[in-house]
$ cat query_34.txt   # compact mmCIF, C-alpha atoms
# COMPACT_ATOMS: atom_id res chain seq x y z
CA MET E 1 109.19 96.03 79.26
CA SER E 2 109.02 98.14 76.11
CA ARG E 3 110.55 97.62 72.67
CA ALA E 4 112.44 99.99 70.36
CA LEU E 5 112.77 100.16 66.59
CA LEU E 6 115.59 102.29 65.20
CA VAL E 7 115.23 102.73 61.43
CA VAL E 8 117.97 104.37 59.34
CA LEU E 9 116.99 105.67 55.92
CA ASP E 10 120.51 105.49 54.50
CA SER E 11 121.59 108.92 53.21
CA VAL E 12 118.31 110.84 53.75
CA GLY E 13 120.06 113.98 54.97
CA ILE E 14 118.31 117.32 55.50
CA GLY E 15 121.11 119.82 54.91
CA GLY E 16 122.50 122.36 57.31
CA ALA E 17 125.60 120.61 58.71
CA PRO E 18 127.66 123.39 60.32
CA ASP E 19 130.93 121.96 58.98
CA ALA E 20 129.64 121.11 55.47
CA GLU E 21 132.01 123.60 53.86
CA ALA E 22 135.02 121.66 55.17
CA PHE E 23 133.75 118.65 53.20
CA GLY E 24 132.97 120.63 50.06
CA ASP E 25 129.25 120.24 50.74
CA ALA E 26 128.04 123.70 51.77
CA GLY E 27 124.49 123.96 50.45
CA ALA E 28 123.88 120.24 49.96
CA ASN E 29 120.41 119.13 51.08
CA THR E 30 119.27 115.67 50.04
CA LEU E 31 115.61 115.94 51.07
CA GLY E 32 115.20 119.63 50.31
CA HIS E 33 116.60 119.41 46.80
CA ILE E 34 114.58 116.28 45.97
CA ALA E 35 111.39 118.01 47.15
CA ALA E 36 112.23 121.11 45.11
CA ALA E 37 112.88 119.04 41.98
CA CYS E 38 109.59 117.18 42.42
CA ALA E 39 107.64 120.42 42.85
CA ALA E 40 109.24 121.84 39.71
CA GLY E 41 108.31 118.79 37.62
CA ARG E 42 111.92 117.63 37.27
CA ALA E 43 111.38 114.22 38.90
CA ASP E 44 108.39 112.77 37.07
CA GLU E 45 109.93 109.50 35.86
CA GLY E 46 107.75 106.76 37.36
CA ARG E 47 105.95 109.27 39.58
CA GLU E 48 104.49 112.75 39.21
CA GLY E 49 104.17 116.07 40.99
CA PRO E 50 105.24 117.23 44.46
CA LEU E 51 106.93 114.78 46.82
CA ARG E 52 104.25 112.90 48.77
CA VAL E 53 105.40 111.41 52.07
CA PRO E 54 102.48 112.18 54.41
CA HIS E 55 103.39 109.73 57.19
CA LEU E 56 107.01 110.84 57.45
CA ASP E 57 105.86 114.46 57.25
CA ALA E 58 103.35 113.91 60.04
CA LEU E 59 106.15 112.59 62.21
CA GLY E 60 108.06 115.83 61.50
CA LEU E 61 110.26 115.27 58.42
CA GLY E 62 109.46 118.57 56.70
CA ALA E 63 109.70 120.50 59.96
CA ALA E 64 113.06 118.91 60.78
CA CYS E 65 114.45 119.83 57.36
CA ARG E 66 113.30 123.45 57.64
CA THR E 67 114.79 123.75 61.12
CA ALA E 68 118.06 122.04 60.15
CA SER E 69 118.73 123.98 56.96
CA GLY E 70 116.41 126.96 56.81
CA ALA E 71 115.23 125.72 53.40
CA GLU E 72 111.67 125.35 52.25
CA VAL E 73 110.54 121.78 51.59
CA PRO E 74 107.80 121.93 48.96
CA GLY E 75 105.00 119.47 49.63
CA LEU E 76 106.09 118.76 53.21
CA ASP E 77 104.17 121.30 55.24
CA ALA E 78 102.28 119.17 57.78
CA ALA E 79 101.88 120.26 61.38
CA PRO E 80 103.78 117.39 63.03
CA THR E 81 101.93 115.05 65.35
CA GLY E 82 105.14 113.24 66.36
CA ARG E 83 108.25 114.20 68.30
CA TRP E 84 110.95 115.45 65.94
CA THR E 85 114.26 117.24 65.60
CA HIS E 86 117.49 117.19 63.62
CA ALA E 87 120.83 115.74 64.70
CA THR E 88 124.40 116.82 63.98
CA GLU E 89 127.34 114.42 63.67
CA THR E 90 130.68 115.02 65.39
CA SER E 91 132.74 112.20 63.83
CA ALA E 92 135.16 113.40 61.17
CA GLY E 93 133.50 111.61 58.28
CA LYS E 94 130.36 111.34 56.19
CA ASP E 95 130.45 107.57 55.85
CA THR E 96 128.20 104.72 56.90
CA PRO E 97 130.19 103.30 59.86
CA SER E 98 130.78 106.75 61.38
CA GLY E 99 127.10 107.63 61.19
CA HIS E 100 125.81 104.34 62.54
CA TRP E 101 128.39 103.99 65.30
CA GLU E 102 127.66 107.52 66.49
CA LEU E 103 123.90 106.94 66.38
CA ALA E 104 124.67 103.93 68.61
CA GLY E 105 126.56 106.13 71.10
CA LEU E 106 130.12 105.80 69.77
CA PRO E 107 131.60 108.80 67.94
CA VAL E 108 134.60 107.65 65.93
CA PRO E 109 137.69 108.47 68.04
CA PHE E 110 140.11 108.63 65.11
CA GLU E 111 140.34 109.73 61.48
CA TRP E 112 139.75 107.06 58.87
CA HIS E 113 142.37 106.26 56.27
CA THR E 114 141.24 107.13 52.75
CA PHE E 115 142.88 106.45 49.41
CA PRO E 116 143.97 109.31 47.13
CA ASP E 117 141.97 110.28 44.06
CA ALA E 118 144.76 109.09 41.82
CA ASP E 119 145.43 106.34 39.30
CA PRO E 120 146.49 104.02 40.82
CA ALA E 121 144.71 104.71 44.10
CA PHE E 122 146.04 101.77 46.12
CA PRO E 123 149.63 101.38 47.30
CA PRO E 124 151.61 98.60 45.58
CA GLU E 125 151.68 96.40 48.67
CA ILE E 126 147.86 96.36 48.82
CA THR E 127 147.60 95.61 45.11
CA ARG E 128 150.05 92.73 45.46
CA LEU E 129 148.14 91.38 48.47
CA ILE E 130 144.85 91.40 46.55
CA GLU E 131 146.51 89.60 43.63
CA ARG E 132 147.97 86.97 45.93
CA LEU E 133 144.71 86.38 47.78
CA ALA E 134 142.70 86.28 44.55
CA GLY E 135 145.24 84.12 42.74
CA THR E 136 145.38 86.52 39.80
CA ALA E 137 148.17 88.28 37.92
CA GLY E 138 146.58 91.71 38.35
CA ILE E 139 143.57 93.77 39.35
CA LEU E 140 141.28 96.09 37.41
CA GLY E 141 140.13 99.56 38.37
CA ASN E 142 142.46 100.76 41.12
CA ARG E 143 140.90 104.21 41.23
CA HIS E 144 138.01 106.30 42.57
CA ALA E 145 134.80 105.37 40.78
CA SER E 146 131.07 104.85 41.16
CA GLY E 147 129.98 101.24 41.36
CA THR E 148 127.97 101.32 38.16
CA ASP E 149 130.45 103.33 36.08
CA ILE E 150 133.31 100.98 36.87
CA LEU E 151 131.29 97.96 35.76
CA ASP E 152 130.68 99.65 32.41
CA ALA E 153 134.40 100.40 32.12
CA GLU E 154 135.89 97.15 33.42
CA GLY E 155 133.20 94.45 33.28
CA ALA E 156 134.22 93.01 29.94
CA ALA E 157 137.89 92.92 30.94
CA HIS E 158 136.91 91.20 34.18
CA LEU E 159 135.19 88.38 32.30
CA ARG E 160 138.13 88.10 29.92
CA THR E 161 140.93 88.10 32.52
CA GLY E 162 139.24 86.92 35.73
CA TRP E 163 140.87 89.82 37.60
CA PRO E 164 138.82 91.45 40.41
CA ILE E 165 137.61 95.02 39.94
CA CYS E 166 138.90 97.14 42.83
CA TYR E 167 137.87 100.73 43.50
CA THR E 168 137.32 103.30 46.22
CA SER E 169 135.77 106.72 46.90
CA VAL E 170 136.15 109.64 49.29
CA ASP E 171 134.97 107.25 52.02
CA SER E 172 137.29 104.94 53.91
CA VAL E 173 136.57 101.89 51.80
CA LEU E 174 137.99 99.39 49.34
CA GLN E 175 135.32 97.78 47.18
CA ILE E 176 135.81 94.64 45.11
CA ALA E 177 133.37 93.82 42.34
CA ALA E 178 133.27 90.39 40.72
CA HIS E 179 130.87 88.38 38.61
CA GLU E 180 128.88 85.95 40.77
CA GLU E 181 129.11 83.14 38.23
CA ALA E 182 132.40 83.68 36.39
CA PHE E 183 134.43 84.65 39.48
CA GLY E 184 132.25 83.00 42.12
CA LEU E 185 130.31 84.55 44.98
CA GLN E 186 131.97 82.58 47.77
CA ARG E 187 135.38 83.25 46.23
CA LEU E 188 134.62 86.98 46.34
CA TYR E 189 133.53 86.76 49.98
CA ASP E 190 136.65 84.78 50.88
CA LEU E 191 138.86 87.35 49.14
CA CYS E 192 137.29 90.26 51.00
CA ALA E 193 137.36 88.44 54.35
CA ALA E 194 141.06 87.64 53.94
CA LEU E 195 141.91 91.19 52.89
CA ALA E 196 139.89 92.98 55.57
CA PRO E 197 142.21 92.54 58.59
CA THR E 198 145.10 94.26 56.79
CA LEU E 199 142.86 97.14 55.71
CA HIS E 200 141.39 97.49 59.21
CA GLU E 201 144.92 97.80 60.65
CA MET E 202 145.31 100.78 58.30
CA ARG E 203 142.01 102.20 59.68
CA VAL E 204 140.21 101.62 56.44
CA GLY E 205 136.65 101.18 57.66
CA ARG E 206 135.28 98.63 55.21
CA VAL E 207 136.11 96.13 52.53
CA ILE E 208 132.93 95.63 50.50
CA ALA E 209 132.13 92.67 48.27
CA ARG E 210 130.13 93.94 45.28
CA PRO E 211 128.87 90.93 43.30
CA PHE E 212 127.21 91.44 39.93
CA VAL E 213 125.76 89.42 37.05
CA GLY E 214 125.00 89.99 33.39
CA ALA E 215 127.02 90.64 30.27
CA ASP E 216 128.68 93.60 28.58
CA GLY E 217 126.21 96.46 28.35
CA ASP E 218 123.83 94.88 30.85
CA TRP E 219 125.67 94.57 34.16
CA ARG E 220 123.45 94.25 37.24
CA ARG E 221 124.64 94.42 40.84
CA THR E 222 122.91 91.84 43.03
CA ALA E 223 121.55 91.99 46.58
CA ASN E 224 124.44 89.78 47.78
CA ARG E 225 126.64 92.70 48.78
CA ARG E 226 128.56 92.07 51.98
CA ASP E 227 130.45 94.61 54.09
CA PHE E 228 133.51 93.49 56.04
CA ALA E 229 133.68 96.32 58.56
CA MET E 230 136.10 97.17 61.32
CA THR E 231 134.88 96.15 64.76
CA PRO E 232 133.69 99.22 66.71
CA PRO E 233 136.54 100.42 68.96
CA GLY E 234 134.30 100.76 72.01
CA PRO E 235 130.91 99.75 73.43
CA THR E 236 127.75 100.68 71.55
CA LEU E 237 124.02 100.74 72.23
CA LEU E 238 123.83 97.20 70.81
CA ASP E 239 126.29 95.94 73.43
CA ALA E 240 124.37 97.72 76.18
CA VAL E 241 121.02 96.22 75.19
CA GLN E 242 122.48 92.76 74.75
CA GLY E 243 124.41 93.02 78.01
CA ALA E 244 121.21 93.88 79.87
CA GLY E 245 119.55 90.73 78.56
CA GLY E 246 117.68 92.34 75.68
CA HIS E 247 117.48 90.91 72.18
CA VAL E 248 119.11 92.84 69.30
CA HIS E 249 117.66 92.16 65.85
CA ALA E 250 119.59 93.60 62.89
CA ILE E 251 117.85 94.27 59.57
CA GLY E 252 119.79 95.06 56.41
CA LYS E 253 123.50 95.77 56.70
CA ILE E 254 123.49 96.55 60.44
CA PHE E 255 125.18 93.22 61.21
CA ASP E 256 127.99 94.09 58.79
CA ILE E 257 128.41 97.68 60.00
CA PHE E 258 128.95 96.50 63.58
CA ALA E 259 130.97 93.44 62.53
CA GLY E 260 128.29 91.30 64.17
CA ARG E 261 129.05 92.58 67.66
CA GLY E 262 126.03 93.04 69.87
CA VAL E 263 123.68 91.35 67.36
CA ASP E 264 121.55 88.30 68.19
CA THR E 265 119.65 87.78 64.94
CA THR E 266 119.80 89.31 61.48
CA ALA E 267 117.72 89.54 58.32
CA LYS E 268 118.97 90.78 54.95
CA GLY E 269 117.82 91.42 51.42
CA PRO E 270 116.77 94.30 49.15
CA ASP E 271 114.72 97.08 50.72
CA ALA E 272 111.38 95.53 49.77
CA ALA E 273 112.32 92.41 51.72
CA LEU E 274 113.68 94.53 54.58
CA LEU E 275 110.33 96.26 54.97
CA ARG E 276 108.70 92.85 55.35
CA HIS E 277 111.37 91.92 57.90
CA LEU E 278 110.57 95.12 59.81
CA GLU E 279 106.87 94.21 59.78
CA ASP E 280 107.77 90.75 61.08
CA ALA E 281 109.85 92.31 63.86
CA VAL E 282 106.89 94.38 65.01
CA GLU E 283 104.87 91.18 65.26
CA GLU E 284 107.51 88.91 66.74
CA MET E 285 110.21 90.73 68.72
CA PRO E 286 109.99 90.21 72.50
CA ASN E 287 109.79 92.84 75.20
CA GLY E 288 113.12 94.57 75.77
CA ALA E 289 114.20 94.06 72.15
CA LEU E 290 115.97 96.55 69.91
CA THR E 291 115.29 96.21 66.19
CA PHE E 292 117.92 98.19 64.27
CA ALA E 293 117.28 98.51 60.52
CA ASN E 294 119.10 100.11 57.59
CA PHE E 295 117.39 100.74 54.24
CA VAL E 296 120.39 101.04 51.93
CA GLN E 297 118.84 101.55 48.49
CA PHE E 298 118.21 105.26 49.06
CA ASP E 299 122.00 105.56 49.07
CA SER E 300 123.22 102.79 46.80
CA ASP E 301 120.62 102.92 44.01
CA TYR E 302 119.61 106.57 43.93
CA GLY E 303 121.99 108.85 45.84
CA HIS E 304 125.27 107.62 44.38
CA ARG E 305 123.67 107.31 40.95
CA ARG E 306 122.31 110.87 41.18
CA ASP E 307 118.82 109.63 40.34
CA VAL E 308 116.46 112.28 41.72
CA ALA E 309 113.25 110.68 40.47
CA GLY E 310 114.30 107.25 41.71
CA TYR E 311 115.13 108.69 45.14
CA ALA E 312 111.72 110.39 45.27
CA ARG E 313 109.96 107.15 44.27
CA HIS E 314 111.80 105.27 47.00
CA LEU E 315 110.85 107.86 49.63
CA GLU E 316 107.22 107.57 48.59
CA TRP E 317 107.42 103.77 48.59
CA PHE E 318 108.88 103.72 52.11
CA ASP E 319 106.31 106.23 53.34
CA ALA E 320 103.47 104.00 52.16
CA GLY E 321 105.04 101.07 53.98
CA LEU E 322 105.47 103.17 57.10
CA GLY E 323 101.81 104.11 56.96
CA ALA E 324 100.87 100.43 57.00
CA LEU E 325 103.35 99.69 59.80
CA LEU E 326 102.44 102.41 62.29
CA PRO E 327 99.06 100.96 63.35
CA SER E 328 100.77 97.66 64.19
CA LEU E 329 103.05 99.20 66.82
CA ARG E 330 102.26 98.50 70.45
CA ASP E 331 101.31 101.43 72.63
CA ASP E 332 104.66 101.29 74.45
CA ASP E 333 106.86 100.76 71.34
CA LEU E 334 109.34 103.50 70.46
CA LEU E 335 109.98 104.03 66.74
CA ILE E 336 112.79 106.35 65.66
CA VAL E 337 113.32 107.10 61.97
CA THR E 338 116.63 108.79 61.18
CA ALA E 339 119.57 108.76 58.74
CA ASP E 340 123.35 108.40 58.86
CA HIS E 341 124.55 111.10 56.40
CA GLY E 342 123.41 112.73 53.17
CA ASN E 343 123.77 111.78 49.51
CA ASP E 344 122.22 114.69 47.62
CA PRO E 345 121.31 113.38 44.14
CA THR E 346 121.46 116.94 42.76
CA TRP E 347 125.03 117.46 44.04
CA ARG E 348 128.25 117.28 42.07
CA GLY E 349 130.11 114.00 41.97
CA THR E 350 128.76 110.70 43.23
CA ASP E 351 129.75 110.72 46.91
CA HIS E 352 128.01 111.22 50.24
CA THR E 353 127.26 114.74 51.43
CA ARG E 354 127.85 116.13 54.92
CA GLU E 355 124.40 116.96 56.32
CA ARG E 356 122.31 116.92 59.43
CA VAL E 357 119.77 114.09 59.72
CA PRO E 358 116.14 113.93 60.83
CA VAL E 359 115.15 112.27 64.10
CA LEU E 360 111.46 111.37 64.01
CA MET E 361 109.68 109.63 66.90
CA ASN E 362 106.22 108.17 67.31
CA ARG E 363 106.13 108.97 71.04
CA GLY E 364 105.60 112.52 72.25
CA THR E 365 105.00 115.66 70.23
CA GLY E 366 106.80 118.82 69.24
CA ASP E 367 110.35 119.91 68.54
CA ALA E 368 112.89 118.12 70.76
CA GLY E 369 115.49 120.81 70.12
CA PRO E 370 118.83 120.50 68.30
CA ALA E 371 120.35 117.09 68.92
CA ALA E 372 123.56 115.13 68.56
CA PHE E 373 123.76 111.69 66.97
CA VAL E 374 124.55 110.17 70.38
CA ASP E 375 121.20 111.46 71.66
CA VAL E 376 119.54 108.77 69.53
CA ALA E 377 121.35 106.08 71.51
CA ALA E 378 120.49 107.80 74.80
CA THR E 379 116.81 107.96 73.84
CA VAL E 380 116.61 104.30 72.86
CA GLY E 381 118.52 103.31 75.97
CA ALA E 382 116.26 105.32 78.26
CA HIS E 383 113.18 103.79 76.67
CA LEU E 384 114.55 100.27 77.19
CA GLY E 385 115.90 101.00 80.68
CA VAL E 386 119.50 100.57 79.53
CA ALA E 387 122.47 102.89 80.14
CA ALA E 388 123.62 103.69 76.59
CA PRO E 389 127.18 104.88 75.92
CA GLY E 390 127.94 108.33 74.54
CA GLY E 391 126.59 110.59 77.26
CA GLY E 392 123.66 111.81 75.15
CA ARG E 393 120.30 113.17 76.32
CA ASP E 394 116.87 111.59 76.15
CA LEU E 395 114.94 113.33 73.37
CA ARG E 396 111.49 112.15 74.39
$ encode --input "query_34.txt" --output "structure tokens"
Amino acid sequence: MSRALLVVLDSVGIGGAPDAEAFGDAGANTLGHIAAACAAGRADEGREGPLRVPHLDALGLGAACRTASGAEVPGLDAAPTGRWTHATETSAGKDTPSGHWELAGLPVPFEWHTFPDADPAFPPEITRLIERLAGTAGILGNRHASGTDILDAEGAAHLRTGWPICYTSVDSVLQIAAHEEAFGLQRLYDLCAALAPTLHEMRVGRVIARPFVGADGDWRRTANRRDFAMTPPGPTLLDAVQGAGGHVHAIGKIFDIFAGRGVDTTAKGPDAALLRHLEDAVEEMPNGALTFANFVQFDSDYGHRRDVAGYARHLEWFDAGLGALLPSLRDDDLLIVTADHGNDPTWRGTDHTRERVPVLMNRGTGDAGPAAFVDVAATVGAHLGVAAPGGGRDLR
């Protein structure tokens, strides 16, 4: 039996989504705009010159971006030796659960509930519930905000009052930030776990615990983030593999995104640790296994923070790791590198962007033709001899 590795570079979109205008994102292109900034010398902090990702480019990253968006991708002009294409999402969102569920064969069958861009953002009954569960007389934030900006604005008040910092975005999410030491990490987890069922009934996709440390002027979010996500409303590729007797190994926040369903083992940490976990999986996973990985720092540390140079550095870091990983793959292993949405660091605001995503494979050659997200699940399923949900086509 063969093995499959499905690797999601969180937010590495390639532009061109046909419905981007409906999301206010017409013209957004995460990879294309980063490459253009690098070529123009506008992303030289900690790196220099054109974007250099030769291993991803050889698999077809530059070609996929040009085909998806029609844009040039300076520095990514390799003739691909892998099998490649771009995929278009059908779910009515540009969020993490929608992208991952659909990649796993389950387009979201409903519209998520989102909170208005108002102050306050949360209805009074939700605010009162958070206060009761936290044992506090109030909450801080209660508005749309980026995770770093709200720490600058509310961190000192949080230490003074002990009130949790609650915020949201255009995504279907309620995030709670709290100091790991002053508030307590387990207390934050318990608060989010207790709140999540009520939010899930409202079709809010995730409650996210956002622990941080430090002092005023030097707040630092830690790697102990935890997502309390709604359980997928139908079967996914993970269920299919597990149901057929295969082992499902989740790396990064995959366990959280699927609420643990269909997962046998998991490994977490910052992206540097996740790359080591991926290397371990190549060495250790048995035949018939699916390793499903998410590298979140593209999104959380560089996309949302609109850090073009940091995003470019992280792409180059991952590419170097990929180059070391590829020779370790077995001849019958299938590796797919893809993404779940965009987060163009040159775009207005701090939110995700509606984009197509690359689908890069180590098996086969040439353009696989325009794809849907569910085709990723179909391809992995066909490789493992499993009937994946979603009705997609095998891209190999």
$ residues_near_point --input "query_34.txt" --point "(121.0, 115.0, 45.1)" --cutoff "6 Å" --atoms "only C-alpha atoms" --output "list in words"
Thr30, Arg306, Asp344, Pro345, Thr346 and Trp347 of chain E
$ residues_around --input "query_34.txt" --residues "Ala22 of chain E" --least-positions-apart "6" --cutoff "12 Å" --atoms "only C-alpha atoms" --output "PyMOL selection string"
chain E and resi 92-94+353-355
$ residues_around --input "query_34.txt" --residues "Leu315 of chain E" --least-positions-apart "5" --cutoff "10 Å" --atoms "all atoms listed in the file" --output "list in words"
Leu9, Val12, Leu31, Ile34, Leu51, Arg52, Val53, Leu56, Phe298, Ala309, Gly310, Ala320 and Gly321 of chain E
$ write_last_selection --input "query_34.txt" --atoms "C-alpha atoms" --output "compact mmCIF listing (two decimals), in the frame of the given file"
# COMPACT_ATOMS: atom_id res chain seq x y z
CA LEU E 9 116.99 105.67 55.92
CA VAL E 12 118.31 110.84 53.75
CA LEU E 31 115.61 115.94 51.07
CA ILE E 34 114.58 116.28 45.97
CA LEU E 51 106.93 114.78 46.82
CA ARG E 52 104.25 112.90 48.77
CA VAL E 53 105.40 111.41 52.07
CA LEU E 56 107.01 110.84 57.45
CA PHE E 298 118.21 105.26 49.06
CA ALA E 309 113.25 110.68 40.47
CA GLY E 310 114.30 107.25 41.71
CA ALA E 320 103.47 104.00 52.16
CA GLY E 321 105.04 101.07 53.98
$ atom_distance --input "query_34.txt" --atom1 "atom CA of Val204 of chain E" --atom2 "atom CA of Pro233 of chain E"
13.1 Å
$ closest_residue --input "query_34.txt" --among "E:Asp117, E:Asp331, E:Asp351, E:Asp227" --to "Ala4 of chain E" --atoms "only C-alpha atoms"
E:Asp331
$ residues_around --input "query_34.txt" --residues "Ala215 of chain E" --least-positions-apart "2" --cutoff "10 Å" --atoms "only C-alpha atoms" --output "PyMOL selection string"
chain E and resi 152+155-156+159+179+212-213+217-220
$ residues_around --input "query_34.txt" --residues "Ala229 of chain E" --least-positions-apart "4" --cutoff "6 Å" --atoms "all atoms listed in the file" --output "list in words"
Gly205, Arg206, Ile257 and Ala259 of chain E
$ closest_residue --input "query_34.txt" --among "E:Ala71, E:Phe228, E:Tyr167, E:Phe255" --to "Thr198 of chain E" --atoms "only C-alpha atoms"
E:Phe228
$ closest_residue --input "query_34.txt" --among "E:Glu180, E:Asp216, E:Pro74, E:Phe292" --to "Ala35 of chain E" --atoms "all atoms listed in the file"
E:Pro74
$ closest_residue --input "query_34.txt" --among "E:Gly366, E:Gly349, E:Pro164, E:Pro286" --to "Asn142 of chain E" --atoms "only C-alpha atoms"
E:Pro164
$ residues_around --input "query_34.txt" --residues "Ala43 of chain E" --least-positions-apart "6" --cutoff "8 Å" --atoms "only C-alpha atoms" --output "ChimeraX atom specification"
/E:37,49,308-309,312
$ write_last_selection --input "query_34.txt" --atoms "C-alpha atoms" --output "PDB file, in the coordinates of the input"
ATOM      1  CA  ALA E  37     112.880 119.040  41.980  1.00  0.00           C
ATOM      2  CA  GLY E  49     104.170 116.070  40.990  1.00  0.00           C
ATOM      3  CA  VAL E 308     116.460 112.280  41.720  1.00  0.00           C
ATOM      4  CA  ALA E 309     113.250 110.680  40.470  1.00  0.00           C
ATOM      5  CA  ALA E 312     111.720 110.390  45.270  1.00  0.00           C
TER       6      ALA E 312
END
$ closest_residue --input "query_34.txt" --among "E:His55, E:Arg203, E:His352, E:His158" --to "Gly99 of chain E" --atoms "all atoms listed in the file"
E:His352
$ closest_residue --input "query_34.txt" --among "E:Gly147, E:Gly303, E:Gly141, E:Gly381" --to "Gly105 of chain E" --atoms "all atoms listed in the file"
E:Gly381
$ atom_distance --input "query_34.txt" --atom1 "atom CA of Gly214 of chain E" --atom2 "atom CA of Asp307 of chain E"
21.7 Å
$ decode --input "query_34.txt" --residues "segment 100-132 of chain E" --atoms "C-alpha atoms" --output "PDB file, in the first residue's frame"
ATOM      1  CA  HIS E 100      -9.701  22.525   4.819  1.00  0.00           C
ATOM      2  CA  TRP E 101     -13.076  20.782   4.915  1.00  0.00           C
ATOM      3  CA  GLU E 102     -13.490  21.280   1.174  1.00  0.00           C
ATOM      4  CA  LEU E 103      -9.955  20.052   0.470  1.00  0.00           C
ATOM      5  CA  ALA E 104     -11.030  16.963   2.447  1.00  0.00           C
ATOM      6  CA  GLY E 105     -14.096  16.476   0.220  1.00  0.00           C
ATOM      7  CA  LEU E 106     -16.725  18.410   2.207  1.00  0.00           C
ATOM      8  CA  PRO E 107     -17.828  21.785   0.815  1.00  0.00           C
ATOM      9  CA  VAL E 108     -19.534  23.741   3.583  1.00  0.00           C
ATOM     10  CA  PRO E 109     -23.305  23.241   3.082  1.00  0.00           C
ATOM     11  CA  PHE E 110     -24.344  26.435   4.882  1.00  0.00           C
ATOM     12  CA  GLU E 111     -23.287  30.037   5.415  1.00  0.00           C
ATOM     13  CA  TRP E 112     -21.259  30.764   8.525  1.00  0.00           C
ATOM     14  CA  HIS E 113     -22.455  33.273  11.089  1.00  0.00           C
ATOM     15  CA  THR E 114     -20.175  36.298  11.324  1.00  0.00           C
ATOM     16  CA  PHE E 115     -20.212  39.203  13.746  1.00  0.00           C
ATOM     17  CA  PRO E 116     -20.763  42.778  12.525  1.00  0.00           C
ATOM     18  CA  ASP E 117     -17.895  45.238  12.217  1.00  0.00           C
ATOM     19  CA  ALA E 118     -19.322  47.304  15.036  1.00  0.00           C
ATOM     20  CA  ASP E 119     -18.447  48.263  18.598  1.00  0.00           C
ATOM     21  CA  PRO E 120     -19.621  46.183  20.361  1.00  0.00           C
ATOM     22  CA  ALA E 121     -19.441  43.287  17.906  1.00  0.00           C
ATOM     23  CA  PHE E 122     -20.950  40.568  20.092  1.00  0.00           C
ATOM     24  CA  PRO E 123     -24.597  40.399  21.168  1.00  0.00           C
ATOM     25  CA  PRO E 124     -25.227  41.044  24.875  1.00  0.00           C
ATOM     26  CA  GLU E 125     -26.147  37.438  25.603  1.00  0.00           C
ATOM     27  CA  ILE E 126     -22.756  36.231  24.308  1.00  0.00           C
ATOM     28  CA  THR E 127     -20.922  38.879  26.307  1.00  0.00           C
ATOM     29  CA  ARG E 128     -22.783  37.884  29.461  1.00  0.00           C
ATOM     30  CA  LEU E 129     -22.034  34.200  28.824  1.00  0.00           C
ATOM     31  CA  ILE E 130     -18.308  34.893  28.460  1.00  0.00           C
ATOM     32  CA  GLU E 131     -18.327  36.921  31.686  1.00  0.00           C
ATOM     33  CA  ARG E 132     -20.124  34.148  33.547  1.00  0.00           C
TER      34      ARG E 132
END
